[in-house]
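J.: Compact mmCIF, C-alpha atoms (C1' of nucleotides), file query.txt:
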```txt
# COMPACT_ATOMS: atom_id res chain seq x y z
CA MET A 1358 16.52 -123.92 128.12
CA ALA A 1359 19.52 -126.25 128.33
CA ASP A 1360 21.80 -123.74 129.88
CA ASP A 1361 24.37 -125.69 131.73
CA LEU A 1362 22.76 -128.86 132.88
CA ARG A 1363 22.97 -131.79 130.54
CA PRO A 1364 19.70 -132.65 128.82
CA GLU A 1365 19.54 -135.75 130.96
CA GLN A 1366 19.76 -133.68 134.09
CA LEU A 1367 17.26 -131.14 132.89
CA GLN A 1368 14.77 -133.81 132.05
CA THR A 1369 15.25 -135.43 135.43
CA TYR A 1370 14.80 -132.12 137.18
CA PHE A 1371 11.59 -131.36 135.31
CA ALA A 1372 10.16 -134.79 135.96
CA LEU A 1373 10.98 -134.50 139.64
CA VAL A 1374 9.44 -131.07 139.97
CA GLU A 1375 6.28 -131.92 138.11
CA ALA A 1376 5.77 -135.26 139.80
CA THR A 1377 6.22 -133.86 143.27
CA ALA A 1378 3.99 -130.91 142.48
CA LEU A 1379 1.24 -133.27 141.39
CA LEU A 1380 1.76 -135.46 144.43
CA HIS A 1381 1.75 -132.52 146.77
CA HIS A 1382 -1.37 -131.14 145.21
CA ALA A 1383 -3.19 -134.45 145.43
CA VAL A 1384 -2.18 -134.93 149.04
CA GLU A 1385 -3.30 -131.43 149.97
CA GLN A 1386 -6.63 -131.99 148.29
CA HIS A 1387 -7.18 -135.13 150.26
CA LEU A 1388 -6.13 -133.73 153.62
CA ARG A 1389 -8.31 -130.68 153.10
CA ALA A 1390 -11.33 -132.66 152.03
CA ASP A 1391 -10.98 -135.44 154.54
CA GLY A 1392 -9.71 -133.60 157.59
CA GLY A 1393 -9.83 -129.88 156.93
CA LEU A 1394 -6.07 -129.73 157.29
CA SER A 1395 -3.36 -128.13 155.23
CA TYR A 1396 -0.27 -130.17 154.60
CA VAL A 1397 1.75 -128.12 157.05
CA GLN A 1398 -0.87 -128.63 159.72
CA PHE A 1399 -0.89 -132.33 159.06
CA GLN A 1400 2.87 -132.46 159.32
CA LEU A 1401 2.79 -130.64 162.63
CA LEU A 1402 0.18 -133.00 164.05
CA ALA A 1403 1.94 -136.07 162.71
CA ARG A 1404 5.18 -134.88 164.19
CA LEU A 1405 3.58 -134.38 167.57
CA ALA A 1406 1.85 -137.73 167.42
CA GLY A 1407 5.15 -139.37 166.62
CA SER A 1408 7.27 -137.60 169.19
CA ALA A 1409 5.88 -138.59 172.57
CA GLY A 1410 3.04 -136.14 172.12
CA GLN A 1411 4.63 -132.83 172.96
CA LEU A 1412 7.33 -130.62 171.56
CA THR A 1413 8.51 -127.08 171.96
CA MET A 1414 7.71 -124.59 169.23
CA THR A 1415 11.27 -124.55 167.97
CA GLU A 1416 11.47 -128.31 167.82
CA LEU A 1417 8.16 -128.37 166.05
CA ALA A 1418 9.21 -125.79 163.51
CA ASP A 1419 12.31 -127.65 162.45
CA GLY A 1420 11.96 -128.63 158.84
CA VAL A 1421 8.29 -127.83 158.55
CA VAL A 1422 7.87 -124.09 158.56
CA TYR A 1423 10.35 -121.43 157.62
CA SER A 1424 9.49 -118.60 159.97
CA ARG A 1425 8.67 -118.32 163.65
CA SER A 1426 5.57 -116.29 163.12
CA GLY A 1427 4.33 -118.78 160.61
CA LEU A 1428 4.48 -121.51 163.18
CA THR A 1429 2.83 -119.36 165.82
CA HIS A 1430 0.03 -118.77 163.37
CA GLN A 1431 -0.41 -122.43 162.53
CA ALA A 1432 -0.17 -123.51 166.15
CA GLY A 1433 -2.83 -120.95 166.94
CA LEU A 1434 -5.14 -122.42 164.33
CA LEU A 1435 -4.56 -125.94 165.59
CA GLU A 1436 -5.21 -124.81 169.13
CA LYS A 1437 -8.39 -123.04 168.16
CA ALA A 1438 -9.53 -126.24 166.51
CA GLY A 1439 -8.85 -128.16 169.70
CA LEU A 1440 -6.18 -130.33 168.13
CA VAL A 1441 -3.31 -129.14 170.31
CA THR A 1442 -2.82 -127.19 173.51
CA ARG A 1443 -0.05 -124.79 174.39
CA GLY A 1444 1.51 -124.29 177.77
CA PRO A 1445 4.69 -123.16 179.45
CA SER A 1446 7.62 -125.52 179.58
CA PRO A 1447 8.92 -126.57 183.01
CA ASP A 1448 12.49 -126.77 181.74
CA ASP A 1449 12.77 -123.44 180.01
CA GLN A 1450 10.46 -120.61 180.98
CA ARG A 1451 10.82 -119.01 177.59
CA ALA A 1452 9.66 -122.05 175.71
CA THR A 1453 6.11 -123.01 174.81
CA LEU A 1454 5.24 -126.67 174.97
CA VAL A 1455 2.79 -127.83 172.34
CA THR A 1456 0.79 -130.92 173.22
CA ILE A 1457 -1.43 -132.90 170.92
CA THR A 1458 -4.93 -133.56 172.23
CA ASP A 1459 -6.99 -136.72 171.92
CA ALA A 1460 -8.95 -135.01 169.19
CA GLY A 1461 -5.68 -134.25 167.45
CA ARG A 1462 -4.58 -137.86 167.61
CA ALA A 1463 -7.97 -138.99 166.45
CA LEU A 1464 -7.85 -136.69 163.47
CA VAL A 1465 -4.42 -137.91 162.46
CA GLU A 1466 -5.59 -141.48 162.70
CA LYS A 1467 -8.69 -140.67 160.75
CA VAL A 1468 -6.81 -138.99 157.95
CA LEU A 1469 -3.78 -141.23 157.77
CA PRO A 1470 -5.24 -144.19 155.87
CA GLY A 1471 -6.47 -142.01 153.07
CA HIS A 1472 -3.24 -140.10 153.02
CA VAL A 1473 -1.27 -143.27 152.74
CA GLU A 1474 -3.58 -144.52 150.06
CA VAL A 1475 -3.05 -141.42 147.96
CA VAL A 1476 0.69 -141.71 148.30
CA ARG A 1477 0.68 -145.36 147.41
CA SER A 1478 -1.55 -145.06 144.42
CA LEU A 1479 0.26 -142.04 143.02
CA LEU A 1480 3.87 -142.59 144.01
CA PHE A 1481 4.50 -146.25 144.71
CA ASP A 1482 2.15 -147.92 142.28
CA PRO A 1483 4.31 -147.26 139.24
CA LEU A 1484 7.50 -148.30 141.05
CA SER A 1485 9.10 -151.71 140.92
CA GLU A 1486 10.65 -153.48 143.86
CA GLU A 1487 14.03 -152.35 142.67
CA ASP A 1488 13.01 -148.75 142.26
CA LEU A 1489 12.02 -148.33 145.87
CA PRO A 1490 15.40 -148.71 147.56
CA ARG A 1491 17.05 -146.74 144.78
CA LEU A 1492 14.69 -143.82 145.11
CA GLY A 1493 14.90 -143.99 148.88
CA ASP A 1494 18.65 -144.03 148.84
CA ILE A 1495 18.91 -141.20 146.35
CA MET A 1496 16.43 -138.90 148.02
CA THR A 1497 17.84 -139.56 151.45
CA ARG A 1498 21.24 -138.55 150.21
CA VAL A 1499 19.89 -135.44 148.52
CA ARG A 1500 17.95 -134.46 151.59
CA ASP A 1501 20.91 -134.87 153.90
CA HIS A 1502 23.05 -132.91 151.50
CA MET A 1503 20.56 -130.06 151.50
CA ARG A 1504 20.09 -130.12 155.22
CA ALA A 1505 23.81 -129.75 155.66
CA LEU A 1506 24.48 -126.99 153.18
CA PRO A 1507 22.61 -123.79 153.90
CA PRO A 1508 22.15 -122.53 157.45
CA ARG A 1509 18.40 -122.57 156.87
CA SER A 1510 18.08 -118.95 155.75
CA VAL A 1511 19.70 -118.03 152.49
CA THR A 1512 20.52 -114.33 152.76
CA THR A 1513 16.90 -113.11 152.54
CA ARG A 1514 17.61 -110.19 150.32
CA LYS A 1515 15.53 -107.12 149.86
CA ARG A 1516 13.02 -108.73 147.54
CA ARG A 1517 12.88 -106.80 144.34
CA THR A 1518 9.51 -107.65 142.87
CA ALA A 1519 9.75 -107.58 139.09
CA THR A 1520 6.06 -108.26 138.83
CA GLY A 1521 5.01 -106.15 141.76
CA ASP A 1522 3.61 -102.69 141.21
CA ASP A 1523 6.53 -100.39 140.58
CA ARG A 1524 4.60 -97.75 142.43
CA ARG A 1525 6.17 -94.88 140.57
CA SER A 1526 3.00 -92.89 140.95
CA PRO A 1527 3.03 -90.99 144.27
CA SER A 1528 0.14 -92.69 146.04
CA MET B 1259 2.79 -143.45 161.70
CA ALA B 1260 3.45 -146.64 159.73
CA ASP B 1261 -0.10 -147.22 158.78
CA ASP B 1262 -0.03 -149.27 155.69
CA LEU B 1263 3.09 -148.38 153.83
CA ARG B 1264 6.17 -150.41 154.61
CA PRO B 1265 8.79 -148.57 156.64
CA GLU B 1266 10.95 -148.50 153.56
CA GLN B 1267 8.23 -146.76 151.61
CA LEU B 1268 7.46 -144.34 154.37
CA GLN B 1269 11.08 -143.36 154.68
CA THR B 1270 11.34 -142.87 150.95
CA TYR B 1271 8.21 -140.75 150.91
CA PHE B 1272 9.47 -138.53 153.71
CA ALA B 1273 12.86 -138.10 152.12
CA LEU B 1274 11.26 -137.21 148.83
CA VAL B 1275 8.91 -134.69 150.37
CA GLU B 1276 11.53 -133.00 152.47
CA ALA B 1277 14.16 -132.91 149.77
CA THR B 1278 11.82 -131.45 147.21
CA ALA B 1279 10.48 -128.93 149.71
CA LEU B 1280 14.00 -127.75 150.43
CA LEU B 1281 14.82 -127.63 146.74
CA HIS B 1282 11.67 -125.75 145.92
CA HIS B 1283 12.28 -123.29 148.68
CA ALA B 1284 15.86 -122.65 147.61
CA VAL B 1285 14.84 -122.19 144.01
CA GLU B 1286 12.08 -119.77 144.94
CA GLN B 1287 14.46 -117.76 147.07
CA HIS B 1288 16.87 -117.45 144.20
CA LEU B 1289 14.28 -116.55 141.60
CA ARG B 1290 12.77 -113.95 143.87
CA ALA B 1291 16.07 -112.39 144.79
CA ASP B 1292 17.62 -112.52 141.36
CA GLY B 1293 14.65 -111.81 139.14
CA GLY B 1294 11.69 -110.83 141.29
CA LEU B 1295 9.83 -113.87 140.04
CA SER B 1296 7.84 -116.56 141.76
CA TYR B 1297 8.41 -120.09 140.63
CA VAL B 1298 5.11 -120.18 138.80
CA GLN B 1299 5.96 -116.99 136.97
CA PHE B 1300 9.32 -118.38 136.01
CA GLN B 1301 7.71 -121.55 134.73
CA LEU B 1302 5.28 -119.56 132.63
CA LEU B 1303 8.04 -117.46 131.11
CA ALA B 1304 10.27 -120.45 130.53
CA ARG B 1305 7.43 -122.27 128.88
CA LEU B 1306 6.77 -119.36 126.58
CA ALA B 1307 10.45 -118.96 125.78
CA GLY B 1308 10.63 -122.62 124.90
CA SER B 1309 7.47 -122.84 122.84
CA ALA B 1310 8.01 -120.56 119.87
CA GLY B 1311 7.25 -117.55 122.03
CA GLN B 1312 3.50 -117.56 122.24
CA LEU B 1313 0.80 -119.78 123.66
CA THR B 1314 -2.85 -119.54 124.48
CA MET B 1315 -3.88 -119.22 128.10
CA THR B 1316 -5.14 -122.76 128.27
CA GLU B 1317 -1.96 -124.16 126.77
CA LEU B 1318 0.04 -122.06 129.16
CA ALA B 1319 -1.92 -123.21 132.16
CA ASP B 1320 -1.41 -126.88 131.48
CA GLY B 1321 0.60 -128.37 134.28
CA VAL B 1322 1.60 -125.09 135.86
CA VAL B 1323 -1.42 -123.58 137.51
CA TYR B 1324 -4.53 -125.27 138.75
CA SER B 1325 -7.22 -122.68 138.15
CA ARG B 1326 -8.12 -120.39 135.31
CA SER B 1327 -8.36 -117.31 137.44
CA GLY B 1328 -4.97 -118.05 138.90
CA LEU B 1329 -3.42 -117.97 135.49
CA THR B 1330 -5.26 -114.81 134.54
CA HIS B 1331 -3.87 -113.23 137.67
CA GLN B 1332 -0.30 -114.33 136.98
CA ALA B 1333 -0.49 -113.36 133.33
CA GLY B 1334 -1.74 -109.96 134.41
CA LEU B 1335 1.25 -109.51 136.68
CA LEU B 1336 3.67 -110.58 133.98
CA GLU B 1337 2.02 -108.23 131.53
CA LYS B 1338 2.14 -105.34 133.95
CA ALA B 1339 5.84 -106.03 134.38
CA GLY B 1340 6.32 -105.90 130.62
CA LEU B 1341 7.43 -109.50 130.38
CA VAL B 1342 4.55 -110.70 128.21
CA THR B 1343 1.79 -109.19 126.09
CA ARG B 1344 -1.72 -110.48 125.59
CA GLY B 1345 -3.76 -110.27 122.45
CA PRO B 1346 -6.57 -111.98 120.60
CA SER B 1347 -5.86 -115.19 118.73
CA PRO B 1348 -6.50 -115.23 114.98
CA ASP B 1349 -7.53 -118.88 115.06
CA ASP B 1350 -10.01 -118.80 117.89
CA GLN B 1351 -11.70 -115.55 118.80
CA ARG B 1352 -12.28 -116.74 122.33
CA ALA B 1353 -8.64 -117.44 123.01
CA THR B 1354 -6.04 -115.05 124.33
CA LEU B 1355 -2.58 -115.37 122.89
CA VAL B 1356 0.22 -114.70 125.36
CA THR B 1357 3.49 -113.57 123.85
CA ILE B 1358 6.79 -113.23 125.62
CA THR B 1359 8.54 -109.89 125.13
CA ASP B 1360 12.21 -109.23 124.66
CA ALA B 1361 12.36 -108.14 128.26
CA GLY B 1362 10.76 -111.43 129.22
CA ARG B 1363 13.32 -113.41 127.30
CA ALA B 1364 16.09 -111.32 128.72
CA LEU B 1365 14.88 -111.94 132.24
CA VAL B 1366 14.71 -115.66 131.70
CA GLU B 1367 18.20 -115.66 130.34
CA LYS B 1368 19.41 -113.55 133.18
CA VAL B 1369 17.92 -115.79 135.81
CA LEU B 1370 18.55 -119.16 134.23
CA PRO B 1371 22.25 -119.60 135.04
CA GLY B 1372 21.68 -119.01 138.72
CA HIS B 1373 18.65 -121.22 138.69
CA VAL B 1374 20.58 -124.01 137.09
CA GLU B 1375 23.40 -123.50 139.53
CA VAL B 1376 21.07 -123.86 142.49
CA VAL B 1377 19.61 -127.04 141.08
CA ARG B 1378 22.98 -128.50 140.36
CA SER B 1379 24.49 -127.72 143.68
CA LEU B 1380 21.49 -128.93 145.66
CA LEU B 1381 20.13 -131.78 143.61
CA PHE B 1382 22.81 -133.17 141.34
CA ASP B 1383 25.93 -132.66 143.39
CA PRO B 1384 25.24 -135.56 145.73
CA LEU B 1385 24.27 -137.87 142.86
CA SER B 1386 26.53 -140.34 141.14
CA GLU B 1387 26.58 -140.98 137.43
CA GLU B 1388 24.46 -144.04 138.01
CA ASP B 1389 21.93 -142.24 140.14
CA LEU B 1390 21.02 -139.78 137.44
CA PRO B 1391 19.41 -142.10 134.89
CA ARG B 1392 17.76 -144.05 137.67
CA LEU B 1393 16.18 -140.99 139.21
CA GLY B 1394 15.23 -139.67 135.82
CA ASP B 1395 13.62 -142.92 134.83
CA ILE B 1396 11.75 -143.31 138.08
CA MET B 1397 10.41 -139.79 138.24
CA THR B 1398 9.43 -139.79 134.61
CA ARG B 1399 7.43 -142.90 135.18
CA VAL B 1400 5.80 -141.48 138.29
CA ARG B 1401 4.97 -138.25 136.53
CA ASP B 1402 3.42 -139.97 133.56
CA HIS B 1403 1.45 -142.19 135.89
CA MET B 1404 0.08 -139.19 137.73
CA ARG B 1405 -0.67 -137.26 134.59
CA ALA B 1406 -2.72 -140.18 133.35
CA LEU B 1407 -4.71 -140.95 136.46
CA PRO B 1408 -6.85 -138.06 137.67
CA PRO B 1409 -8.70 -135.84 135.23
CA ARG B 1410 -6.87 -132.90 136.72
CA SER B 1411 -9.49 -131.95 139.30
CA VAL B 1412 -10.13 -134.40 142.09
CA THR B 1413 -13.75 -133.82 143.12
CA THR B 1414 -13.12 -130.45 144.80
CA ARG B 1415 -15.37 -131.06 147.75
CA LYS B 1416 -16.99 -128.52 149.94
CA ARG B 1417 -13.90 -127.78 151.99
CA ARG B 1418 -14.65 -128.38 155.61
CA THR B 1419 -12.06 -126.36 157.45
CA ALA B 1420 -11.19 -128.12 160.68
CA THR B 1421 -8.96 -125.24 161.64
CA GLY B 1422 -11.14 -122.51 160.21
CA ASP B 1423 -13.64 -120.64 162.32
CA ASP B 1424 -16.61 -122.92 162.76
CA ARG B 1425 -18.78 -119.87 162.55
CA ARG B 1426 -21.55 -121.31 164.67
CA SER B 1427 -22.39 -117.89 165.93
CA PRO B 1428 -24.79 -116.16 163.56
CA SER B 1429 -22.03 -113.67 162.73
C1' DT C 314 -24.57 -126.19 125.04
C1' DA C 315 -19.50 -126.16 125.82
C1' DT C 316 -15.35 -123.61 126.00
C1' DT C 317 -12.17 -119.50 126.75
C1' DG C 318 -11.06 -116.16 129.56
C1' DT C 319 -11.88 -112.30 132.94
C1' DT C 320 -13.62 -110.17 137.14
C1' DA C 321 -14.77 -109.78 141.90
C1' DT C 322 -14.04 -111.52 146.09
C1' DA C 323 -12.39 -113.91 149.88
C1' DC C 324 -9.28 -116.79 152.22
C1' DT C 325 -4.90 -119.04 153.43
C1' DC C 326 -0.18 -118.96 153.92
C1' DT C 327 4.06 -116.80 154.79
C1' DA C 328 7.22 -113.27 156.13
C1' DT C 329 9.19 -108.84 158.34
C1' DA C 330 9.61 -106.00 162.08
C1' DA C 331 8.82 -104.66 166.63
C1' DC C 332 8.17 -106.36 171.02
C1' DT C 333 8.18 -109.11 175.65
C1' DA C 334 10.25 -112.42 178.54
C1' DT C 335 13.49 -115.42 180.03
C1' DA C 336 18.63 -117.53 179.79
C1' DT D 1176 23.67 -110.30 174.73
C1' DA D 1177 21.14 -114.19 172.73
C1' DT D 1178 17.17 -117.04 172.47
C1' DA D 1179 11.87 -118.32 172.53
C1' DG D 1180 7.79 -116.88 171.24
C1' DT D 1181 3.99 -113.57 170.08
C1' DT D 1182 1.78 -109.74 167.75
C1' DA D 1183 0.63 -106.72 164.08
C1' DT D 1184 0.66 -106.14 159.57
C1' DA D 1185 1.23 -106.62 154.92
C1' DG D 1186 1.78 -109.15 150.61
C1' DA D 1187 1.46 -112.99 147.47
C1' DG D 1188 -0.93 -116.99 145.82
C1' DT D 1189 -4.91 -119.49 144.84
C1' DA D 1190 -9.66 -120.68 144.47
C1' DT D 1191 -14.94 -120.13 143.73
C1' DA D 1192 -18.61 -118.14 141.53
C1' DA D 1193 -20.67 -115.18 138.33
C1' DC D 1194 -20.11 -113.43 134.04
C1' DA D 1195 -19.22 -112.27 128.78
C1' DA D 1196 -18.08 -113.76 124.39
C1' DT D 1197 -17.26 -117.09 120.95
C1' DA D 1198 -17.49 -122.12 119.00
```
Starting from the file, lay out its structure as structure tokens.

T.:
Amino acid sequence: MADDLRPEQLQTYFALVEATALLHHAVEQHLRADGGLSYVQFQLLARLAGSAGQLTMTELADGVVYSRSGLTHQAGLLEKAGLVTRGPSPDDQRATLVTITDAGRALVEKVLPGHVEVVRSLLFDPLSEEDLPRLGDIMTRVRDHMRALPPRSVTTRKRRTATGDDRRSPS
Amino acid sequence: MADDLRPEQLQTYFALVEATALLHHAVEQHLRADGGLSYVQFQLLARLAGSAGQLTMTELADGVVYSRSGLTHQAGLLEKAGLVTRGPSPDDQRATLVTITDAGRALVEKVLPGHVEVVRSLLFDPLSEEDLPRLGDIMTRVRDHMRALPPRSVTTRKRRTATGDDRRSPS
DNA sequence: TATTGTTATACTCTATAACTATA
DNA sequence: TATAGTTATAGAGTATAACAATA
């Protein structure tokens, strides 16, 4: 299992993956139970609430969802729930402007305290005052590094599914 | 958006979430393209390869999957792909013993170098020699903290779906 | 009675491809 | 021609509940 990374690195990688998986899971649980939202949906709403209230689909997608259709789907769900509205953009006729509604803002505000509480109790509680800037600095650097590297879609090959049905039988 | 966490904490949280999301996505892309495996499937195989080659379903599930049926499903896929076998345990007649096959080991070994390369280039490249032990220490502490806290299932409420169909019409 | 695991089922998320329309 | 967005569709992942068998 220690192929090429030093044991130190491997251990760090595993700890990071497991910790963030647990955090993500806990946060999703809370958002679902407390607001009926998935994490992606929460991110979209939070982004809208933070950015003057309305964004175009492309702006909204950036960094949150990895495919156009995925965002269309999520935006549709949010719209159906009355949390956002969609309308044409005055600047660019091709663009769709997504606007957060009062209900959307209210939901974000309702959910936020609990969300923050989960994050604090799980992530920040075990950290010292020194850890915080270190972790922040490190992860910011890693994030910026990753943002810079791949042009957002990494080849998207044909998807051989080792575990998928081989479908050698005719039907 | 700065509800209760200090701006420093919020920024750290966001950086962590985005960086790990990007890392996770990149790793999944690679595993899928190079081995036809999801990340969960890879984790299961790697775990088996590391742990003497065979584990019971419950042991295997620990920390990887969050529901029994989910693991049964994944194990079924891996078995169908010839990467593991399942059989009764001699110790406990209720238990199912999952064993990695030669093909399973081979696949792990085939995929591992690329996996490691992705992790190195995305996560460790931008880190200094000092960052590594700091990150490792911090995330280990966070992980252990999280492992200790919740008994693995956090209430699992009724799941009100704000974005789901309200289904007020009698159907 | 508690635990291990499977089955059936349903739902959510995500992605690909084809398409429309504007720039 | 390139970009913005939608639609249709399909596939993968995960969870709940009901169940069978063993401890």

J.: With distances taken over all atoms listed in the file, which residue among B:Val1323, B:Ala1279, B:Leu1355, B:Leu1306 lies nearest chain D?

T.: B:Val1323

J.: A:Gly1433, A:Pro1364, A:Gly1427, A:Gly1392: which is nearest chain C, counting only C-alpha atoms (C1' of nucleotides)?

T.: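 The closest residue to chain C is A:Gly1427.
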
J.: Could you please tell me, as a ChimeraX atom specification, which residues of chain C have an atom within 12 Å of chain B when using all atoms listed in the file?

T.: /C:316-322,324-325

J.: Emit the selected residues as a compact mmCIF listing (two decimals), in the frame of the given file, including C-alpha atoms (C1' of nucleotides).

T.:
```
# COMPACT_ATOMS: atom_id res chain seq x y z
C1' DT C 316 -15.35 -123.61 126.00
C1' DT C 317 -12.17 -119.50 126.75
C1' DG C 318 -11.06 -116.16 129.56
C1' DT C 319 -11.88 -112.30 132.94
C1' DT C 320 -13.62 -110.17 137.14
C1' DA C 321 -14.77 -109.78 141.90
C1' DT C 322 -14.04 -111.52 146.09
C1' DC C 324 -9.28 -116.79 152.22
C1' DT C 325 -4.90 -119.04 153.43
```

J.: Determine, for each residue of chain D having at least one atom at most 8 Å from an atom of chain A, the closest pair of atoms and their separation in Å to one decimal, counting only C-alpha atoms (C1' of nucleotides); order by chain and ascending number, as a Markdown table.

T.:
```
| residue | atom | partner | partner_atom | distance |
| --- | --- | --- | --- | --- |
| D:DA1179 | C1' | A:Arg1451 | CA | 5.2 |
| D:DG1180 | C1' | A:Ala1452 | CA | 7.1 |
| D:DT1181 | C1' | A:Thr1429 | CA | 7.3 |
```

J.: Please produce an output containing C-alpha atoms (C1' of nucleotides) for each residue in the selection, written as a PDB file, in the frame of the given file.

T.:
```pdb
ATOM      1  C1'  DA D1179      11.870-118.320 172.530  1.00  0.00           C
ATOM      2  C1'  DG D1180       7.790-116.880 171.240  1.00  0.00           C
ATOM      3  C1'  DT D1181       3.990-113.570 170.080  1.00  0.00           C
TER       4       DT D1181
END
```

J.: Quick one, how far is C1' of DA1177 (chain D) from C1' of DT335 (chain C)?

T.: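 Interatomic distance, C1' of DA1177 (chain D) to C1' of DT335 (chain C): 10.6 Å.
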
J.: Grab the CA of Ala1364 (chain B) to CA of Ala1519 (chain A) distance for me, in Å with one decimal place.

T.: 12.7 Å

J.: Please list as a ChimeraX atom specification every residue within 10 Å of Ser1424 (chain A), counting all atoms listed in the file and excluding residues in the same chain fewer than 3 positions away.

T.: /A:1418-1419,1421,1427-1429,1510 /C:327-329

J.: Keeping only C-alpha atoms (C1' of nucleotides), write the selected residues as a JSON list (two decimals), in the coordinates of the input.

T.:
```json
[["chain", "number", "residue", "atom", "x", "y", "z"],
["A", 1418, "ALA", "CA", 9.21, -125.79, 163.51],
["A", 1419, "ASP", "CA", 12.31, -127.65, 162.45],
["A", 1421, "VAL", "CA", 8.29, -127.83, 158.55],
["A", 1427, "GLY", "CA", 4.33, -118.78, 160.61],
["A", 1428, "LEU", "CA", 4.48, -121.51, 163.18],
["A", 1429, "THR", "CA", 2.83, -119.36, 165.82],
["A", 1510, "SER", "CA", 18.08, -118.95, 155.75],
["C", 327, "DT", "C1'", 4.06, -116.80, 154.79],
["C", 328, "DA", "C1'", 7.22, -113.27, 156.13],
["C", 329, "DT", "C1'", 9.19, -108.84, 158.34]]
```

J.: If you measure from CA of Gln1368 (chain A) to CA of Leu1335 (chain B), what distance in Å do you get, rounded to one decimal?

T.: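 So the two atoms, CA of Gln1368 (chain A) and CA of Leu1335 (chain B), lie 28.2 Å apart.
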
J.: Of the residues A:Gly1393, A:Leu1412, A:Gly1444, A:His1382, which is the one nearest to chain B, using only C-alpha atoms?

T.: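 Of the candidates, the smallest distance to chain B is held by A:Gly1393.
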
J.: I need the residue nearest Ser1309 (chain B) from this list: B:Lys1368, B:Arg1363, B:Arg1378, B:Arg1401. Use only C-alpha atoms for the distance.

T.: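 Using only C-alpha atoms, Ser1309 (chain B) sits closest to B:Arg1363.
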
J.: Counting only C-alpha atoms, which of A:Val1455, A:Leu1464, A:Ala1505, A:Ala1376 gets nearest to chain B?

T.: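 Smallest separation from chain B among the options: A:Ala1376.
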
J.: Using all atoms listed in the file, which of the listed residues (B:Gly1394, B:Ala1304, B:Leu1407, B:Ser1296) sits closest to chain A?

T.: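 Smallest separation from chain A among the options: B:Gly1394.
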
J.: Mind listing as a JSON list (two decimals) with C-alpha atoms, keeping the file's coordinate frame all residues within 6 Å of (0.5, -131.3, 174.8), counting only C-alpha atoms (C1' of nucleotides)?

T.:
```json
[["chain", "number", "residue", "atom", "x", "y", "z"],
["A", 1411, "GLN", "CA", 4.63, -132.83, 172.96],
["A", 1442, "THR", "CA", -2.82, -127.19, 173.51],
["A", 1455, "VAL", "CA", 2.79, -127.83, 172.34],
["A", 1456, "THR", "CA", 0.79, -130.92, 173.22],
["A", 1457, "ILE", "CA", -1.43, -132.90, 170.92]]
```

J.: Show me, as a PyMOL selection string, the residues that have an atom within 10 Å of Gln1332 (chain B) when counting only C-alpha atoms (C1' of nucleotides), minus same-chain residues fewer than 6 positions from it.

T.: (chain A and resi 1520) or (chain B and resi 1296+1298-1299+1302+1323+1338) or (chain D and resi 1188)

J.: Next, dump the selected residues to file, keeping only C-alpha atoms (C1' of nucleotides), as a compact mmCIF listing (two decimals), in the frame of the given file.

T.:
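To be explicit, this is the file written out as out_4.txt:
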```txt
# COMPACT_ATOMS: atom_id res chain seq x y z
CA THR A 1520 6.06 -108.26 138.83
CA SER B 1296 7.84 -116.56 141.76
CA VAL B 1298 5.11 -120.18 138.80
CA GLN B 1299 5.96 -116.99 136.97
CA LEU B 1302 5.28 -119.56 132.63
CA VAL B 1323 -1.42 -123.58 137.51
CA LYS B 1338 2.14 -105.34 133.95
C1' DG D 1188 -0.93 -116.99 145.82
```
